[in-house]
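The block underneath contains the structure these notes are about, expressed in structure tokens.
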Amino acid sequence: MWYYLPLFLLLIIPNIHNIWASNHYALKEDGWIKRRLDSPFHLRDPENLIIFLEQININDRAEEAFRKMQRKRITLDDHILLIAQLLQSILKRSECAKVYVKMTGLTDYLRTTGASMKRLEFPEKMEKEAEGGMPVCKNYADLNPQKDEFGHLDSFKNEAINKLEIEEEEHHLKRELGSKGAKSVTEIIYNVAMKGLLNNPTSWKFHMLGSYYWRLVGDAKNALECARLSVFLAPETHKDIPLLSLGTILVRAELWDDAEIILKSAIEYGPKHGENYIALATLLAMKHDFKQAKEYFSIAERMDPAMYNNSMRIREFMECMEPLDADISRLFSFVKYMLREIKDVSKLRHEITQYQNRIIQQQIPLSSRYNENDHKSKADLLKRYQFCSTRKSSENQEPVLFCDFYSDLQMQLESKQFDAELLDWQVNRYIATLFEKLPFEYKKQLEILYSKATPQMAPTDNAYSM
């Protein structure tokens, strides 16, 4: 017997504090210390010290994992409250978005186009009179692909060109000049473009006017073709004018990345003309890049105060959208943090279940821990869920159906409080609400903000200033 003493000490000493702390009793909510019906230390083989020590170890792991899961659930509750408050604030703030979100800066581009056209001069002789036809620019000049500075852009590939669509600018012009005024402008542009191309087929100015005509009637493919030819033919001193038209076409077609490249090039060629800065700033505002947009609007204000004052509507759009974007990005960051924590809750729940299964294998079933005269224990058992599983008989290894009552820990695991799927649905519902409540035109921006958001825990005080 003494031979086994070192082994006994080796096993018992590291766990002595656990043994002293482990018993069949617990402090209940009513303040009384009572016998634990679900104690994991009612063992099938109570004399097996190794199993007893292992049971202590597994039970400690299960309880520690459960405490960790509880802490995460408390944090999730705090975040749910915070997100609910933040969502209400966003929906209230989004009232301005309903006014401005449909405003895509198109009216501002009418003004920038008009400002650039004032710089056009027409000293060319135009002796020939145009008799019908359309200002199809490729019939008058060819674009050399090898010298096309922007030919590499995706927007100028055949696949993109064939899908290109733009709204008729004449509709927007009607709001500024009325129906008759808009029609008159379209006719004048058409006549000058046709006569100019007929008499001066390689003049960039008439290709630019041809581009503007096609913009007015909503023909994206011809408008793009004329604008590209105009850029190719224009001297460097005036190249920013057709570049502005080309960039405007891409803006209207919502090819915003390439439009940004074109409009930045317009500024490089025409750094002293305010309309180029206004055009780029407007695009950046529409892309919700408010920081850069403000920088270009600031330059435009110093360069051309009158044109800057005419861009008030797009700047009001920025004042509405910038704080809205910031709050939504914040909400998405909290949501992603919560979804990550919910996954951890699910993993912990699975881990605890595995520990519980190991505990159950070594303990006496709860159903056998009371007698008929123990009415309190019987009442306690009847309040619990039951489970059944198939086990192998120790005698012949044949499958045997085993049923028992849930322990306290198992009961808590089954509660909705730790239902990861339910939590996941609840959190994702906040995102769905945003997409449902905010204007349809803003949904693309919501998708961008969500993709950029990174998981972020809310401030420790969980305070949100409404």
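Residue names in the structure tokens use chain letters A, B, ... in the order shown, residue numbers from 1 in each chain, and ligand numbers from 1 in the order shown.
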
Query raised in the report: Near A:Met303, within 9 Å and counting only C-alpha atoms, which residues show up once chain neighbours fewer than 5 positions away are dropped, as a list in words?
Result: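 The contact residues come out as Lys272, His273, Gly274, Ser298 and Tyr308 of chain A.
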
Write the selection just made, keeping all heavy atoms, as a PDB file, in the first residue's frame?
ATOM      1  N   LYS A 272      -6.221  76.417 -63.605  1.00  0.00           N
ATOM      2  CA  LYS A 272      -6.674  77.761 -63.260  1.00  0.00           C
ATOM      3  C   LYS A 272      -8.178  77.958 -63.481  1.00  0.00           C
ATOM      4  O   LYS A 272      -8.665  79.089 -63.409  1.00  0.00           O
ATOM      5  CB  LYS A 272      -5.896  78.807 -64.067  1.00  0.00           C
ATOM      6  CG  LYS A 272      -4.399  78.824 -63.760  1.00  0.00           C
ATOM      7  CD  LYS A 272      -3.689  79.905 -64.563  1.00  0.00           C
ATOM      8  CE  LYS A 272      -2.199  79.940 -64.228  1.00  0.00           C
ATOM      9  NZ  LYS A 272      -1.482  80.986 -65.010  1.00  0.00           N
ATOM     10  N   HIS A 273      -8.868  76.886 -63.750  1.00  0.00           N
ATOM     11  CA  HIS A 273     -10.291  76.995 -64.066  1.00  0.00           C
ATOM     12  C   HIS A 273     -11.123  76.302 -62.985  1.00  0.00           C
ATOM     13  O   HIS A 273     -11.043  75.079 -62.801  1.00  0.00           O
ATOM     14  CB  HIS A 273     -10.579  76.394 -65.445  1.00  0.00           C
ATOM     15  CG  HIS A 273      -9.808  77.064 -66.547  1.00  0.00           C
ATOM     16  ND1 HIS A 273     -10.127  78.326 -66.997  1.00  0.00           N
ATOM     17  CD2 HIS A 273      -8.717  76.667 -67.251  1.00  0.00           C
ATOM     18  CE1 HIS A 273      -9.272  78.678 -67.953  1.00  0.00           C
ATOM     19  NE2 HIS A 273      -8.407  77.683 -68.126  1.00  0.00           N
ATOM     20  N   GLY A 274     -11.931  77.091 -62.289  1.00  0.00           N
ATOM     21  CA  GLY A 274     -12.680  76.615 -61.136  1.00  0.00           C
ATOM     22  C   GLY A 274     -13.665  75.504 -61.442  1.00  0.00           C
ATOM     23  O   GLY A 274     -13.928  74.652 -60.585  1.00  0.00           O
ATOM     24  N   SER A 298     -12.778  73.856 -51.531  1.00  0.00           N
ATOM     25  CA  SER A 298     -12.046  74.977 -50.938  1.00  0.00           C
ATOM     26  C   SER A 298     -11.193  75.687 -51.982  1.00  0.00           C
ATOM     27  O   SER A 298     -11.132  76.929 -52.028  1.00  0.00           O
ATOM     28  CB  SER A 298     -11.172  74.474 -49.787  1.00  0.00           C
ATOM     29  OG  SER A 298     -10.460  75.539 -49.197  1.00  0.00           O
ATOM     30  N   TYR A 308     -18.567  78.547 -56.951  1.00  0.00           N
ATOM     31  CA  TYR A 308     -18.607  77.860 -55.655  1.00  0.00           C
ATOM     32  C   TYR A 308     -19.967  78.077 -54.995  1.00  0.00           C
ATOM     33  O   TYR A 308     -20.564  77.139 -54.466  1.00  0.00           O
ATOM     34  CB  TYR A 308     -17.494  78.392 -54.754  1.00  0.00           C
ATOM     35  CG  TYR A 308     -17.555  77.868 -53.339  1.00  0.00           C
ATOM     36  CD1 TYR A 308     -17.074  76.602 -53.025  1.00  0.00           C
ATOM     37  CD2 TYR A 308     -18.099  78.648 -52.313  1.00  0.00           C
ATOM     38  CE1 TYR A 308     -17.148  76.113 -51.727  1.00  0.00           C
ATOM     39  CE2 TYR A 308     -18.167  78.168 -51.010  1.00  0.00           C
ATOM     40  CZ  TYR A 308     -17.685  76.898 -50.722  1.00  0.00           C
ATOM     41  OH  TYR A 308     -17.754  76.424 -49.430  1.00  0.00           O
TER      42      TYR A 308
END

Against stretch 310-318 of chain A, which residues of stretch 273-302 of chain A fall within 8 Å? For each one I want the closest pair of atoms and the distance in Å (one decimal), counting only C-alpha atoms, rows by chain and increasing residue number, as a Markdown table.
| residue | atom | partner | partner_atom | distance |
| --- | --- | --- | --- | --- |
| A:Ile278 | CA | A:Ser311 | CA | 7.7 |
| A:Thr282 | CA | A:Ile314 | CA | 6.7 |
| A:Ala285 | CA | A:Met318 | CA | 6.4 |
| A:His288 | CA | A:Met318 | CA | 7.8 |
| A:Phe290 | CA | A:Met318 | CA | 6.8 |

**Report entry** Given only C-alpha atoms as the counted atoms, nearest of A:Lys183, A:Ser415, A:Leu82, A:Glu47 to A:His171
**Finding:** A:Lys183

Requested in this report: Identify, with DSSP run on backbone atoms, the residues in stretch 160-289 of chain A assigned to helix (DSSP H, G or I), and express the list as a ChimeraX atom specification.
Outcome: /A:160-163,169-199,204-217,220-233,240-252,256-269,274-286

Could the residues in this selection be written to a file with C-alpha atoms, as a compact mmCIF listing (two decimals), in the first residue's frame?
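Contents of selection-v3.txt, freshly written:
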# COMPACT_ATOMS: atom_id res chain seq x y z
CA ALA A 160 -18.37 48.56 -71.14
CA ILE A 161 -19.25 50.86 -74.06
CA ASN A 162 -21.99 48.52 -75.27
CA LYS A 163 -23.62 48.65 -71.81
CA GLU A 169 -29.42 66.01 -70.00
CA GLU A 170 -32.15 67.97 -71.71
CA HIS A 171 -34.44 66.88 -68.84
CA HIS A 172 -32.16 68.62 -66.35
CA LEU A 173 -31.79 71.62 -68.64
CA LYS A 174 -35.58 72.02 -68.65
CA ARG A 175 -35.50 72.61 -64.90
CA GLU A 176 -33.06 75.45 -65.46
CA LEU A 177 -34.39 77.02 -68.68
CA GLY A 178 -37.87 75.62 -69.16
CA SER A 179 -39.01 73.29 -71.94
CA LYS A 180 -38.67 75.78 -74.81
CA GLY A 181 -35.31 77.04 -73.61
CA ALA A 182 -33.92 73.52 -73.34
CA LYS A 183 -35.16 72.60 -76.82
CA SER A 184 -33.61 75.77 -78.22
CA VAL A 185 -30.21 74.98 -76.66
CA THR A 186 -30.33 71.44 -78.09
CA GLU A 187 -31.10 72.76 -81.59
CA ILE A 188 -28.34 75.37 -81.45
CA ILE A 189 -25.76 72.83 -80.28
CA TYR A 190 -26.86 70.41 -83.00
CA ASN A 191 -26.65 73.00 -85.79
CA VAL A 192 -23.25 74.35 -84.73
CA ALA A 193 -21.82 70.86 -84.24
CA MET A 194 -23.06 69.61 -87.63
CA LYS A 195 -21.87 72.66 -89.56
CA GLY A 196 -18.57 72.73 -87.70
CA LEU A 197 -17.78 69.06 -88.30
CA LEU A 198 -18.64 69.44 -91.98
CA ASN A 199 -16.32 72.43 -92.42
CA TRP A 204 -11.63 69.43 -81.36
CA LYS A 205 -14.22 72.12 -80.59
CA PHE A 206 -16.90 70.67 -82.85
CA HIS A 207 -16.28 67.14 -81.65
CA MET A 208 -16.74 68.52 -78.14
CA LEU A 209 -20.02 70.16 -79.18
CA GLY A 210 -21.04 66.90 -80.82
CA SER A 211 -20.39 65.18 -77.50
CA TYR A 212 -22.55 67.72 -75.70
CA TYR A 213 -25.38 67.25 -78.20
CA TRP A 214 -25.38 63.48 -77.66
CA ARG A 215 -25.37 64.07 -73.91
CA LEU A 216 -28.45 66.25 -74.26
CA VAL A 217 -30.38 63.55 -76.14
CA ALA A 220 -24.06 57.56 -74.33
CA LYS A 221 -22.05 55.73 -76.98
CA ASN A 222 -21.89 58.64 -79.45
CA ALA A 223 -21.32 61.15 -76.65
CA LEU A 224 -18.35 59.12 -75.40
CA GLU A 225 -16.92 58.70 -78.88
CA CYS A 226 -17.08 62.44 -79.65
CA ALA A 227 -15.59 63.38 -76.28
CA ARG A 228 -12.66 60.98 -76.71
CA LEU A 229 -11.96 62.35 -80.19
CA SER A 230 -12.13 65.89 -78.84
CA VAL A 231 -9.63 65.06 -76.08
CA PHE A 232 -7.34 63.44 -78.64
CA LEU A 233 -7.49 66.43 -81.03
CA ASP A 240 -9.27 70.25 -69.96
CA ILE A 241 -12.51 71.33 -71.72
CA PRO A 242 -13.20 68.03 -73.54
CA LEU A 243 -11.82 66.14 -70.54
CA LEU A 244 -14.50 67.77 -68.41
CA SER A 245 -17.15 66.63 -70.89
CA LEU A 246 -15.70 63.13 -71.02
CA GLY A 247 -15.58 62.92 -67.23
CA THR A 248 -19.17 64.14 -67.00
CA ILE A 249 -20.35 61.36 -69.31
CA LEU A 250 -18.68 58.76 -67.09
CA VAL A 251 -20.19 60.38 -63.99
CA ARG A 252 -23.66 60.15 -65.48
CA TRP A 256 -17.08 56.86 -61.07
CA ASP A 257 -13.58 55.46 -60.66
CA ASP A 258 -12.61 56.18 -64.25
CA ALA A 259 -14.50 59.50 -64.10
CA GLU A 260 -12.28 60.51 -61.18
CA ILE A 261 -9.15 59.76 -63.24
CA ILE A 262 -10.46 61.85 -66.16
CA LEU A 263 -11.52 64.81 -63.99
CA LYS A 264 -8.19 64.86 -62.13
CA SER A 265 -6.51 64.98 -65.52
CA ALA A 266 -8.74 67.94 -66.43
CA ILE A 267 -7.36 69.79 -63.40
CA GLU A 268 -3.79 68.96 -64.47
CA TYR A 269 -4.41 70.47 -67.90
CA GLY A 274 -12.68 76.61 -61.14
CA GLU A 275 -15.22 74.47 -62.98
CA ASN A 276 -12.72 71.60 -63.10
CA TYR A 277 -12.37 71.60 -59.31
CA ILE A 278 -16.13 71.87 -58.81
CA ALA A 279 -16.69 68.90 -61.14
CA LEU A 280 -14.18 66.72 -59.30
CA ALA A 281 -15.35 67.83 -55.86
CA THR A 282 -18.95 67.02 -56.82
CA LEU A 283 -17.96 63.54 -57.97
CA LEU A 284 -16.01 62.91 -54.76
CA ALA A 285 -19.01 64.03 -52.71
CA MET A 286 -21.20 61.60 -54.65

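If only C-alpha atoms are the atoms counted, then among A:Asp77, A:Glu64, A:Asp45, A:Asp304 the closest residue to A:Ala458 is A:Asp77.
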
Query - Residue neighbourhood A:Glu341, 12 Å, only C-alpha atoms, exclusion window fewer than 6 positions, as a PyMOL selection string - result: chain A and resi 68-77+79+334-335+347-348+418+420+423-424+427+455-457

Query - Residue nearest A:Leu53 - candidates A:Pro235, A:Val345, A:Tyr430, A:Pro40, atoms counted: only C-alpha atoms - result: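 For A:Leu53, the nearest of the candidates is A:Pro40.
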
Query raised in the report: So, counting only C-alpha atoms, which residue among A:Thr390, A:Gln445, A:Gln356, A:Thr237 is closest to A:Asp408?
Result: A:Gln356

Query raised in the report: What does the distance from atom CA of A:Leu438 to atom CA of A:Ala453 come to in Å, to one decimal?
Result: 18.4 Å
